[in-house]
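File shown: final11.cif. Contents: mmCIF, C-alpha atoms.
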```cif
data_run
loop_
_atom_site.label_atom_id
_atom_site.label_comp_id
_atom_site.auth_asym_id
_atom_site.auth_seq_id
_atom_site.Cartn_x
_atom_site.Cartn_y
_atom_site.Cartn_z
CA MET A 24 19.54 31.39 76.15
CA HIS A 25 22.89 30.80 74.51
CA ILE A 26 24.86 31.27 77.73
CA TYR A 27 23.29 27.99 78.88
CA ALA A 28 24.81 26.22 75.90
CA ASN A 29 27.63 25.63 78.38
CA PRO A 30 26.39 22.67 80.46
CA LYS A 31 28.34 23.89 83.54
CA ARG A 32 26.37 27.15 83.57
CA PHE A 33 23.13 25.26 83.09
CA LEU A 34 23.94 22.78 85.85
CA SER A 35 24.77 25.51 88.36
CA LEU A 36 21.43 27.16 87.56
CA ALA A 37 19.56 23.85 87.78
CA SER A 38 21.16 22.84 91.08
CA TRP A 39 19.41 25.61 93.02
CA LEU A 40 16.33 25.95 90.79
CA THR A 41 15.34 22.27 90.98
CA PRO A 42 14.70 22.04 94.76
CA LEU A 43 13.01 25.46 94.69
CA LEU A 44 10.57 24.41 91.96
CA PHE A 45 10.07 20.98 93.50
CA TRP A 46 9.14 22.05 97.02
CA SER A 47 7.06 25.08 96.03
CA GLY A 48 5.32 22.93 93.40
CA LEU A 49 4.62 20.18 95.92
CA VAL A 50 3.06 22.61 98.41
CA LEU A 51 1.05 24.46 95.75
CA SER A 52 -0.33 21.28 94.22
CA LEU A 53 -1.02 19.14 97.31
CA GLY A 54 -2.57 22.08 99.18
CA PRO A 55 -5.34 22.83 96.63
CA ILE A 56 -5.95 19.10 96.02
CA ALA A 57 -6.53 18.58 99.77
CA TRP A 58 -8.66 21.74 99.86
CA GLY A 59 -10.65 20.48 96.89
CA LEU A 60 -11.12 17.05 98.44
CA PHE A 61 -12.15 18.12 101.92
CA VAL A 62 -13.26 21.76 101.99
CA VAL A 63 -15.14 22.94 98.87
CA SER A 64 -18.88 22.29 98.77
CA PRO A 65 -20.41 19.89 96.22
CA ASP A 66 -21.51 21.08 92.78
CA ARG A 67 -25.20 21.75 92.19
CA LEU A 68 -25.50 18.92 89.64
CA MET A 69 -22.44 16.71 89.87
CA GLY A 70 -22.24 16.69 93.65
CA GLU A 71 -19.06 15.31 95.19
CA THR A 72 -17.46 14.27 91.91
CA VAL A 73 -16.54 17.92 91.21
CA ARG A 74 -13.48 17.30 93.41
CA ILE A 75 -11.77 15.52 90.51
CA LEU A 76 -11.59 18.94 88.80
CA PHE A 77 -8.47 19.91 90.76
CA ILE A 78 -6.45 17.00 89.35
CA HIS A 79 -8.07 16.60 85.94
CA VAL A 80 -7.70 20.17 84.65
CA PRO A 81 -4.05 20.80 85.70
CA SER A 82 -3.09 17.41 84.19
CA ALA A 83 -4.80 18.29 80.91
CA TRP A 84 -3.02 21.65 80.89
CA LEU A 85 0.37 19.98 81.41
CA GLY A 86 -0.31 17.28 78.84
CA MET A 87 -0.89 19.96 76.20
CA GLY A 88 1.72 22.36 77.63
CA GLY A 89 4.27 19.54 77.59
CA TRP A 90 3.93 19.02 73.87
CA THR A 91 4.12 22.77 73.31
CA GLY A 92 7.44 22.64 75.20
CA ILE A 93 8.65 19.76 73.01
CA ALA A 94 7.73 21.75 69.89
CA ILE A 95 9.57 24.87 71.10
CA SER A 96 12.65 22.81 72.04
CA SER A 97 12.53 21.06 68.68
CA ALA A 98 12.39 24.38 66.84
CA ALA A 99 15.32 25.66 68.96
CA LEU A 100 17.28 22.55 68.03
CA LEU A 101 16.57 22.80 64.31
CA ILE A 102 17.07 26.58 63.99
CA TRP A 103 19.70 27.55 66.56
CA LYS A 104 21.20 24.07 67.13
CA HIS A 105 21.04 24.75 70.84
CA PRO A 106 22.82 21.84 72.55
CA LEU A 107 20.34 21.65 75.43
CA ALA A 108 17.23 21.67 73.22
CA ALA A 109 17.39 17.96 72.36
CA LEU A 110 17.78 17.14 76.05
CA SER A 111 14.92 19.36 77.20
CA ALA A 112 12.54 17.87 74.60
CA ARG A 113 13.42 14.35 75.73
CA ALA A 114 13.12 15.38 79.39
CA ILE A 115 9.62 16.83 78.85
CA ALA A 116 8.23 13.82 76.97
CA VAL A 117 7.89 11.33 79.84
CA PRO A 118 6.20 13.61 82.43
CA GLY A 119 4.05 15.03 79.61
CA MET A 120 2.83 11.55 78.75
CA VAL A 121 2.20 10.72 82.42
CA PHE A 122 0.05 13.83 82.92
CA THR A 123 -1.86 13.12 79.69
CA GLY A 124 -2.55 9.64 81.07
CA ILE A 125 -3.69 11.09 84.41
CA CYS A 126 -6.01 13.46 82.54
CA LEU A 127 -7.57 10.60 80.54
CA ALA A 128 -7.90 8.34 83.61
CA THR A 129 -9.48 10.96 85.86
CA GLY A 130 -11.72 12.08 83.00
CA SER A 131 -12.92 8.52 82.51
CA ILE A 132 -13.60 8.08 86.24
CA TRP A 133 -15.46 11.40 86.23
CA GLY A 134 -17.42 10.55 83.08
CA ARG A 135 -18.98 7.41 84.56
CA PRO A 136 -21.10 9.15 87.24
CA THR A 137 -21.78 12.40 85.36
CA TRP A 138 -22.29 11.34 81.73
CA GLY A 139 -23.08 7.69 82.34
CA THR A 140 -20.13 6.28 80.38
CA TRP A 141 -16.46 5.49 80.90
CA TRP A 142 -15.45 6.34 77.35
CA GLU A 143 -17.04 7.86 74.26
CA TRP A 144 -15.39 8.61 70.93
CA ASP A 145 -16.14 12.32 70.94
CA GLY A 146 -13.81 15.00 69.60
CA ARG A 147 -12.16 16.00 72.87
CA LEU A 148 -11.60 12.51 74.24
CA THR A 149 -10.32 11.13 70.95
CA SER A 150 -7.90 14.00 70.28
CA MET A 151 -6.50 13.69 73.83
CA LEU A 152 -5.94 9.96 73.25
CA VAL A 153 -4.09 10.81 70.03
CA LEU A 154 -1.81 13.09 72.10
CA LEU A 155 -1.04 10.17 74.43
CA PHE A 156 -0.04 8.01 71.45
CA LEU A 157 2.06 10.87 70.01
CA TYR A 158 3.98 11.03 73.30
CA GLY A 159 4.55 7.28 73.16
CA GLY A 160 5.82 7.51 69.60
CA TYR A 161 8.06 10.46 70.42
CA ILE A 162 9.64 8.74 73.43
CA ALA A 163 10.34 5.58 71.44
CA LEU A 164 11.80 7.54 68.52
CA ALA A 165 13.97 9.79 70.72
CA GLN A 166 15.35 6.80 72.63
CA ALA A 167 16.03 4.82 69.49
CA THR A 168 17.85 7.68 67.76
CA SER A 169 20.00 8.47 70.81
CA ARG A 170 20.90 4.80 71.34
CA GLU A 171 21.62 4.08 67.71
CA GLY A 172 23.61 7.29 67.38
CA GLY A 173 21.12 8.89 64.99
CA SER A 174 20.59 12.62 64.67
CA PRO A 175 18.40 14.31 67.33
CA LYS A 176 16.82 16.17 64.40
CA ILE A 177 14.69 13.09 63.66
CA PRO A 178 12.55 13.26 66.84
CA ALA A 179 12.62 17.07 66.57
CA ILE A 180 10.67 16.83 63.30
CA LEU A 181 8.04 14.66 65.02
CA GLY A 182 7.97 17.19 67.88
CA ILE A 183 7.10 19.99 65.45
CA VAL A 184 4.67 18.01 63.28
CA GLY A 185 2.85 16.62 66.33
CA ALA A 186 2.23 20.13 67.66
CA ILE A 187 -0.81 20.36 65.39
CA ILE A 188 -2.76 18.22 67.89
CA VAL A 189 -2.57 20.94 70.58
CA PRO A 190 -4.86 23.52 68.87
CA ILE A 191 -7.12 20.68 67.70
CA ILE A 192 -7.61 19.47 71.30
CA ASN A 193 -8.21 23.04 72.40
CA ARG A 194 -10.83 23.73 69.70
CA SER A 195 -12.41 20.27 69.57
CA VAL A 196 -15.31 21.17 71.86
CA VAL A 197 -16.05 24.33 69.87
CA TRP A 198 -15.81 22.94 66.33
CA TRP A 199 -17.76 19.74 66.89
CA ASN A 200 -20.80 18.78 68.90
CA SER A 201 -19.16 16.88 71.72
CA LEU A 202 -20.13 15.12 74.91
CA HIS A 203 -17.39 17.02 76.73
CA GLN A 204 -18.61 20.49 77.71
CA PRO A 205 -17.24 23.65 76.01
CA PRO A 206 -14.36 25.51 77.72
CA SER A 207 -15.17 26.90 81.16
CA LEU A 208 -12.26 29.32 81.13
CA THR A 209 -12.04 31.66 78.17
CA ALA A 210 -10.18 34.96 77.91
CA GLY A 211 -11.40 37.12 80.77
CA LYS A 212 -14.44 34.96 81.52
CA SER A 213 -14.95 32.10 83.91
CA ALA A 214 -17.94 29.80 84.21
CA ILE A 215 -16.38 28.29 87.32
CA ASP A 216 -17.48 29.73 90.64
CA ALA A 217 -14.75 31.49 92.65
CA GLU A 218 -14.94 28.77 95.31
CA TYR A 219 -13.60 26.25 92.77
CA LEU A 220 -11.64 28.66 90.59
CA TRP A 221 -8.99 29.74 93.13
CA PRO A 222 -7.89 26.27 94.24
CA LEU A 223 -7.97 25.23 90.58
CA LEU A 224 -5.66 28.05 89.47
CA THR A 225 -3.32 27.43 92.42
CA ALA A 226 -3.20 23.72 91.64
CA THR A 227 -2.40 24.49 88.00
CA ILE A 228 0.54 26.70 89.06
CA GLY A 229 1.69 24.04 91.54
CA PHE A 230 1.51 21.22 88.98
CA SER A 231 3.44 23.38 86.49
CA LEU A 232 6.24 24.11 89.00
CA LEU A 233 6.46 20.41 89.83
CA PHE A 234 6.59 19.64 86.11
CA GLY A 235 9.46 22.13 85.72
CA ALA A 236 11.35 20.45 88.57
CA ILE A 237 10.91 16.98 87.00
CA VAL A 238 12.13 18.28 83.63
CA LEU A 239 15.26 19.83 85.22
CA MET A 240 15.99 16.61 87.13
CA ARG A 241 15.68 14.56 83.96
CA MET A 242 17.88 17.02 82.04
CA ARG A 243 20.60 16.74 84.71
CA ALA A 244 20.36 12.96 84.50
CA LEU A 245 20.68 13.04 80.70
CA ILE A 246 23.69 15.39 80.89
CA ALA A 247 25.33 13.10 83.48
CA GLU A 248 24.71 10.13 81.21
CA GLN A 249 26.43 11.91 78.32
CA GLN A 250 29.40 12.87 80.53
CA VAL A 251 29.82 9.29 81.71
CA GLU A 252 29.85 8.14 78.13
CA ALA A 253 32.39 10.81 77.11
CA ARG A 254 34.66 9.99 80.05
CA LEU A 255 34.58 6.28 79.35
CA ARG A 256 35.50 6.98 75.77
CA ARG A 257 38.43 9.18 76.81
CA ARG A 258 39.74 6.56 79.23
CA ALA A 259 39.57 3.94 76.56
CA LEU A 260 41.60 6.26 74.31
CA ASP A 261 44.32 6.61 76.94
CA GLU A 262 44.57 2.93 77.70
CA ASP A 263 44.49 1.08 74.47
CA VAL A 264 44.61 2.16 70.88
CA MET A 265 43.09 -1.10 69.73
CA ARG A 266 40.10 -0.71 72.01
CA VAL A 267 39.50 2.80 70.76
CA THR A 268 38.42 1.57 67.39
CA THR A 269 36.04 -1.05 68.73
CA SER A 270 34.46 0.99 71.58
CA GLY A 271 34.35 4.02 69.32
CA MET A 272 32.43 2.01 66.78
CA GLU A 273 30.13 0.60 69.43
CA THR A 274 29.21 3.90 71.05
CA ALA A 275 29.23 6.06 67.93
CA MET B 27 21.26 34.78 53.80
CA LYS B 28 22.96 33.19 56.77
CA ALA B 29 22.53 29.46 57.30
CA LYS B 30 20.73 30.10 60.58
CA HIS B 31 18.17 32.31 58.86
CA GLN B 32 17.75 29.75 56.12
CA ARG B 33 16.95 27.08 58.70
CA MET B 34 14.60 29.45 60.50
CA THR B 35 12.71 30.17 57.26
CA LEU B 36 12.48 26.46 56.49
CA VAL B 37 11.15 25.58 59.94
CA VAL B 38 8.66 28.45 59.90
CA LEU B 39 7.44 27.50 56.40
CA ALA B 40 7.12 23.86 57.45
CA LEU B 41 5.20 24.89 60.57
CA ILE B 42 2.79 27.04 58.56
CA ALA B 43 2.23 24.20 56.08
CA ILE B 44 1.59 21.66 58.86
CA VAL B 45 -0.78 23.94 60.76
CA ALA B 46 -2.64 24.82 57.57
CA ALA B 47 -2.94 21.14 56.59
CA GLY B 48 -4.15 20.19 60.05
CA LEU B 49 -6.69 22.98 60.21
CA ILE B 50 -8.01 22.22 56.72
CA ALA B 51 -8.38 18.55 57.66
CA ALA B 52 -10.15 19.47 60.89
CA TRP B 53 -12.33 21.92 59.01
CA ALA B 54 -13.29 19.23 56.48
CA LEU B 55 -14.28 17.04 59.42
CA ARG B 56 -16.55 19.77 60.73
CA SER B 57 -19.76 17.99 59.86
CA GLN B 58 -18.47 14.40 59.96
CA ALA B 59 -16.70 14.45 63.31
CA ASN B 60 -19.74 15.64 65.21
CA TYR B 61 -20.46 13.39 68.11
CA PHE B 62 -24.22 13.90 67.71
CA TYR B 63 -26.90 15.56 65.59
CA LEU B 64 -28.75 18.60 66.89
CA PRO B 65 -32.57 18.41 66.54
CA GLU B 66 -32.57 20.98 63.72
CA GLN B 67 -29.87 19.00 61.88
CA MET B 68 -31.93 15.85 62.29
CA ALA B 69 -35.10 17.61 61.11
CA ALA B 70 -33.38 19.11 58.06
CA GLU B 71 -31.60 15.95 56.96
CA PRO B 72 -33.22 13.01 58.71
CA PRO B 73 -31.08 9.85 58.88
CA SER B 74 -32.68 6.74 57.38
CA VAL B 75 -35.07 4.81 59.59
CA GLY B 76 -33.23 2.35 61.80
CA GLN B 77 -29.77 3.85 61.20
CA ALA B 78 -27.78 4.12 64.46
CA VAL B 79 -27.16 7.79 65.25
CA ARG B 80 -26.88 10.06 68.25
CA LEU B 81 -29.21 12.94 69.01
CA GLY B 82 -28.05 15.72 71.33
CA GLY B 83 -29.80 18.75 72.74
CA MET B 84 -31.74 20.04 75.69
CA VAL B 85 -34.53 18.18 77.45
CA ALA B 86 -37.51 20.51 76.93
CA ALA B 87 -39.15 21.83 80.10
CA ASP B 88 -42.25 19.92 81.27
CA SER B 89 -41.79 17.31 78.57
CA ILE B 90 -40.65 14.26 80.57
CA LYS B 91 -43.54 11.82 80.84
CA THR B 92 -43.16 8.40 82.42
CA ALA B 93 -45.25 5.69 80.78
CA GLU B 94 -47.51 3.35 82.74
CA ASP B 95 -44.89 0.59 82.90
CA GLY B 96 -42.78 2.90 85.07
CA ILE B 97 -39.50 2.53 83.18
CA THR B 98 -40.31 3.99 79.76
CA VAL B 99 -39.91 7.76 79.52
CA ASN B 100 -40.94 10.09 76.71
CA PHE B 101 -39.49 13.57 76.34
CA MET B 102 -38.76 16.23 73.73
CA VAL B 103 -35.23 17.26 72.73
CA THR B 104 -34.83 20.84 71.49
CA GLY B 105 -31.97 22.77 69.96
CA ASN B 106 -31.48 26.32 68.73
CA THR B 107 -34.65 26.39 66.65
CA GLU B 108 -38.28 25.41 67.04
CA ASP B 109 -37.50 21.87 65.93
CA ALA B 110 -38.07 19.29 68.63
CA ILE B 111 -37.62 15.54 68.37
CA PRO B 112 -39.72 13.23 70.56
CA VAL B 113 -37.59 10.58 72.27
CA THR B 114 -38.60 7.29 73.85
CA TYR B 115 -36.30 5.45 76.23
CA SER B 116 -36.68 2.47 78.53
CA GLY B 117 -34.04 1.96 81.17
CA ILE B 118 -32.13 3.54 84.01
CA LEU B 119 -31.78 7.29 83.70
CA PRO B 120 -28.42 8.99 84.44
CA ASP B 121 -28.32 11.09 87.62
CA LEU B 122 -27.87 14.32 85.72
CA PHE B 123 -30.89 13.73 83.48
CA VAL B 124 -33.34 16.53 84.33
CA GLU B 125 -35.58 18.87 82.37
CA GLY B 126 -33.66 21.80 80.90
CA SER B 127 -30.30 20.04 80.92
CA GLY B 128 -28.22 18.61 78.11
CA VAL B 129 -28.66 15.04 76.90
CA VAL B 130 -27.18 12.77 74.24
CA ALA B 131 -29.40 9.89 73.12
CA GLU B 132 -28.02 6.91 71.19
CA GLY B 133 -30.55 5.10 69.05
CA SER B 134 -32.39 5.42 65.77
CA LEU B 135 -35.20 7.35 64.16
CA GLN B 136 -38.45 5.40 63.79
CA SER B 137 -40.83 5.61 60.84
CA ASP B 138 -43.33 7.59 62.95
CA GLY B 139 -40.74 10.33 63.53
CA THR B 140 -39.93 9.49 67.13
CA PHE B 141 -36.38 8.70 68.22
CA LEU B 142 -36.05 5.35 69.97
CA ALA B 143 -33.07 5.62 72.34
CA THR B 144 -31.11 2.57 73.42
CA ASN B 145 -28.79 4.55 75.68
CA LEU B 146 -28.95 7.97 77.34
CA LEU B 147 -25.93 10.05 78.29
CA ALA B 148 -26.23 13.16 80.41
CA LYS B 149 -24.26 16.13 79.18
CA HIS B 150 -22.76 18.46 81.74
CA ASP B 151 -22.35 22.15 80.95
CA GLU B 152 -19.21 24.19 81.53
CA ASN B 153 -20.57 25.81 84.70
CA TYR B 154 -19.32 24.77 88.10
CA VAL B 155 -21.54 26.16 90.84
CA PRO B 156 -21.64 25.12 94.52
CA ARG B 157 -25.02 23.87 95.67
CA GLU B 158 -25.58 26.68 98.19
CA LEU B 159 -25.23 29.34 95.51
CA GLU B 160 -27.72 27.78 93.13
CA GLY B 161 -30.60 30.12 92.36
CA LEU B 162 -28.81 33.21 93.62
CA GLU B 163 -28.41 36.16 91.32
CA GLY B 164 -25.84 35.49 88.66
CA HIS B 165 -26.30 31.76 89.10
CA ASN B 166 -29.67 31.59 87.44
CA GLN B 167 -30.35 28.08 86.19
CA SER B 168 -31.62 29.09 82.80
CA GLU B 169 -28.57 31.29 82.35
CA ASN B 170 -26.31 28.40 83.28
CA TYR B 171 -28.00 25.91 81.04
CA ALA B 172 -28.04 28.26 78.06
CA GLU B 173 -24.69 27.14 76.68
CA THR B 174 -24.85 23.49 77.67
CA VAL B 175 -24.65 22.14 74.14
CA ALA B 176 -21.90 23.29 71.79
CA GLY B 177 -23.48 25.16 68.96
CA LEU B 178 -26.53 26.19 70.94
CA LYS B 179 -26.92 29.92 71.13
#
```
What does the file become when written as structure tokens?
Amino acid sequence: MHIYANPKRFLSLASWLTPLLFWSGLVLSLGPIAWGLFVVSPDRLMGETVRILFIHVPSAWLGMGGWTGIAISSAALLIWKHPLAALSARAIAVPGMVFTGICLATGSIWGRPTWGTWWEWDGRLTSMLVLLFLYGGYIALAQATSREGGSPKIPAILGIVGAIIVPIINRSVVWWNSLHQPPSLTAGKSAIDAEYLWPLLTATIGFSLLFGAIVLMRMRALIAEQQVEARLRRRALDEDVMRVTTSGMETA
Amino acid sequence: MKAKHQRMTLVVLALIAIVAAGLIAAWALRSQANYFYLPEQMAAEPPSVGQAVRLGGMVAADSIKTAEDGITVNFMVTGNTEDAIPVTYSGILPDLFVEGSGVVAEGSLQSDGTFLATNLLAKHDENYVPRELEGLEGHNQSENYAETVAGLK
């Protein structure tokens, strides 16, 4: 990983990886969603609403996977001081929050016809809402520290502490009696019929590739932002010694 | 010890402490954070009469009886044990409310031991089965319903 500490190496990798992830992700996510909407047959109990499955489950997976990524990046920043780790954690946060929101919204829409309620304070729903708020807090903290010139270690600590919510969300339906059903997919066992399972797995892969592409795009944007800032600072140095002190104080 | 290893140890120790704290907190919530009572839990430690609680379990087979007014239904909710709680509810039933499926009833226990529900929620199980396959081997209804409620064996 350390060879990518050089942003030039990372950017040359990202420049061909981004379109590859983006287009393959787009095909692999839109395909199964369309298949799920128009081709699969209705569920024995839920009927047509089962089609939400192909958006709801991949979004939930990315919401939780996103925070796992933030936690790994945060650990890499604190332990190895990897220069890209702070950027990757910040780049993951926004799409992670969006997918958590999609998961909650589609779940609510799905809950109305199947359970008979838009929202209930059960273990799974509540813990997922806590994850959404954690993302919000992380984004605000990361932005504030980078703007005010604070250490990126501050959001990294939140990234690691917040990771506790991921196993809690995962186990919530097992530990507590909940309205949300227990996991359908456990190690080596599926309670989802093959007709739904294959498009679901494909959609999950597709969503993940798309997520990777978004993260790379955001990382490139953040690197570009830093370079602009560094170049402006250098130009100011060349031009005017007086302005160095003021702009240096402003941007530092 | 190199500084990098020192930081690694610190982060790992912090992680272990956080995970342990979180799991202990979640464990302590085990009984409190339940969304509903199972029938055996309600039979063992009945909530006080009139207290708002939720009862969750399976609608017992052949137990749904519609009263003469046409909107009041009576049915039994069962769990893992023999305990069954009679439930009374007046109102519109959710689409997924059928005998042998999961249900969560909001309401309170009455002095005569019946549970007066003010709201019924249907509980879906973790099985996703296309309509055409229902009833085929390996898609047996009773098999599918068996694990509808968390904690039910």
Selection result for the PyMOL selection byres ((chain A and resi 195-209) around 6) on this file, as a list in words: Asp145, Gly146, Arg147, Ile191, Ile192, Asn193, Arg194, Ala210, Lys212, Ser213 and Ala214 of chain A; Asn60, Tyr61, Asp151, Glu152 and Ala176 of chain B
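Note that atom CA of A:Ala226 and atom CA of A:Ala244 are 26.9 Å apart.
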Using only C-alpha atoms, find the residues of chain B whose closest atom to chain A is at most 8 Å away, then write them as a PyMOL selection string. chain B and resi 30-31+33-34+37+41+44-45+48-49+52+56-57+59-63+120-122+130+146-158+160+174-177
Picked residues, the PyMOL selection byres ((chain B and resi 136-145) around 8), expected as a compact mmCIF listing (two decimals) with C-alpha atoms, in the coordinates of the input:
```
# COMPACT_ATOMS: atom_id res chain seq x y z
CA VAL B 75 -35.07 4.81 59.59
CA GLY B 76 -33.23 2.35 61.80
CA ILE B 111 -37.62 15.54 68.37
CA PRO B 112 -39.72 13.23 70.56
CA VAL B 113 -37.59 10.58 72.27
CA THR B 114 -38.60 7.29 73.85
CA TYR B 115 -36.30 5.45 76.23
CA SER B 116 -36.68 2.47 78.53
CA ALA B 131 -29.40 9.89 73.12
CA GLU B 132 -28.02 6.91 71.19
CA GLY B 133 -30.55 5.10 69.05
CA SER B 134 -32.39 5.42 65.77
CA LEU B 135 -35.20 7.35 64.16
CA LEU B 146 -28.95 7.97 77.34
CA LEU B 147 -25.93 10.05 78.29
```
If the PyMOL selection byres ((chain A and resi 228) around 12) were run on this exact file, what residues would it hold? Put them as an MDAnalysis selection string. chainID A and resid 44:45 47:55 77:78 80:82 84:85 221:227 229:235
Output of the above residues as a PDB file, keeping the file's coordinate frame, restricted to C-alpha atoms:
```pdb
ATOM      1  CA  LEU A  44      10.570  24.410  91.960  1.00  0.00           C
ATOM      2  CA  PHE A  45      10.070  20.980  93.500  1.00  0.00           C
ATOM      3  CA  SER A  47       7.060  25.080  96.030  1.00  0.00           C
ATOM      4  CA  GLY A  48       5.320  22.930  93.400  1.00  0.00           C
ATOM      5  CA  LEU A  49       4.620  20.180  95.920  1.00  0.00           C
ATOM      6  CA  VAL A  50       3.060  22.610  98.410  1.00  0.00           C
ATOM      7  CA  LEU A  51       1.050  24.460  95.750  1.00  0.00           C
ATOM      8  CA  SER A  52      -0.330  21.280  94.220  1.00  0.00           C
ATOM      9  CA  LEU A  53      -1.020  19.140  97.310  1.00  0.00           C
ATOM     10  CA  GLY A  54      -2.570  22.080  99.180  1.00  0.00           C
ATOM     11  CA  PRO A  55      -5.340  22.830  96.630  1.00  0.00           C
ATOM     12  CA  PHE A  77      -8.470  19.910  90.760  1.00  0.00           C
ATOM     13  CA  ILE A  78      -6.450  17.000  89.350  1.00  0.00           C
ATOM     14  CA  VAL A  80      -7.700  20.170  84.650  1.00  0.00           C
ATOM     15  CA  PRO A  81      -4.050  20.800  85.700  1.00  0.00           C
ATOM     16  CA  SER A  82      -3.090  17.410  84.190  1.00  0.00           C
ATOM     17  CA  TRP A  84      -3.020  21.650  80.890  1.00  0.00           C
ATOM     18  CA  LEU A  85       0.370  19.980  81.410  1.00  0.00           C
ATOM     19  CA  TRP A 221      -8.990  29.740  93.130  1.00  0.00           C
ATOM     20  CA  PRO A 222      -7.890  26.270  94.240  1.00  0.00           C
ATOM     21  CA  LEU A 223      -7.970  25.230  90.580  1.00  0.00           C
ATOM     22  CA  LEU A 224      -5.660  28.050  89.470  1.00  0.00           C
ATOM     23  CA  THR A 225      -3.320  27.430  92.420  1.00  0.00           C
ATOM     24  CA  ALA A 226      -3.200  23.720  91.640  1.00  0.00           C
ATOM     25  CA  THR A 227      -2.400  24.490  88.000  1.00  0.00           C
ATOM     26  CA  GLY A 229       1.690  24.040  91.540  1.00  0.00           C
ATOM     27  CA  PHE A 230       1.510  21.220  88.980  1.00  0.00           C
ATOM     28  CA  SER A 231       3.440  23.380  86.490  1.00  0.00           C
ATOM     29  CA  LEU A 232       6.240  24.110  89.000  1.00  0.00           C
ATOM     30  CA  LEU A 233       6.460  20.410  89.830  1.00  0.00           C
ATOM     31  CA  PHE A 234       6.590  19.640  86.110  1.00  0.00           C
ATOM     32  CA  GLY A 235       9.460  22.130  85.720  1.00  0.00           C
TER      33      GLY A 235
END
```
What is the distance, in Å and to one decimal place, between atom CA of B:Gly126 and atom CA of B:Glu66? 17.2 Å
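Going from atom CA of B:Val38 over to atom CA of A:Ala94, you cover 12.1 Å.
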Contacts of stretch 248-251 of chain A at 12 Å (only C-alpha atoms; same-chain gap of 6+ positions) as an MDAnalysis selection string: chainID A and resid 30:31 107 110 169:170 241:242 257:258 274
Just want the 7 Å neighbourhood of B:Gly117, counted on all atoms listed in the file, with same-chain residues fewer than 2 positions away dropped. Output as a PyMOL selection string. chain B and resi 97-98+115+119
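Residue nearest A:Ala116 within the list A:Val62, A:Leu36, A:Val238, A:Leu100: A:Val238 [criterion: smallest interatomic distance, all atoms listed in the file].
Comparing B:Ala86, B:Asn100, B:Ala47, B:Ala93 by their smallest distance to B:Ser127, the closest is B:Ala86 (using all atoms listed in the file).
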I'd like the contact shell of B:Thr104 - 8 Å cut-off, only C-alpha atoms, skipping same-chain residues fewer than 3 positions apart - returned as an mmCIF file with C-alpha atoms, in the coordinates of the input.
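Produced file result.cif, reproduced below:
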```cif
data_model
loop_
_atom_site.group_PDB
_atom_site.id
_atom_site.type_symbol
_atom_site.label_atom_id
_atom_site.label_comp_id
_atom_site.auth_asym_id
_atom_site.auth_seq_id
_atom_site.Cartn_x
_atom_site.Cartn_y
_atom_site.Cartn_z
ATOM 1 C CA LEU B 64 -28.750 18.600 66.890
ATOM 2 C CA PRO B 65 -32.570 18.410 66.540
ATOM 3 C CA GLY B 83 -29.800 18.750 72.740
ATOM 4 C CA MET B 84 -31.740 20.040 75.690
ATOM 5 C CA VAL B 85 -34.530 18.180 77.450
ATOM 6 C CA ALA B 86 -37.510 20.510 76.930
ATOM 7 C CA THR B 107 -34.650 26.390 66.650
ATOM 8 C CA GLU B 108 -38.280 25.410 67.040
ATOM 9 C CA ASP B 109 -37.500 21.870 65.930
ATOM 10 C CA ALA B 110 -38.070 19.290 68.630
ATOM 11 C CA ILE B 111 -37.620 15.540 68.370
#
```
Assuming 6 Å of padding per side, give the centre and edge lengths of the axis-aligned box around every listed atom of stretch 223-241 of chain A, in Å to one decimal and as AutoDock Vina command-line options.
```
--center_x 4.0 --center_y 21.3 --center_z 88.0 --size_x 36.0 --size_y 25.5 --size_z 20.8
```
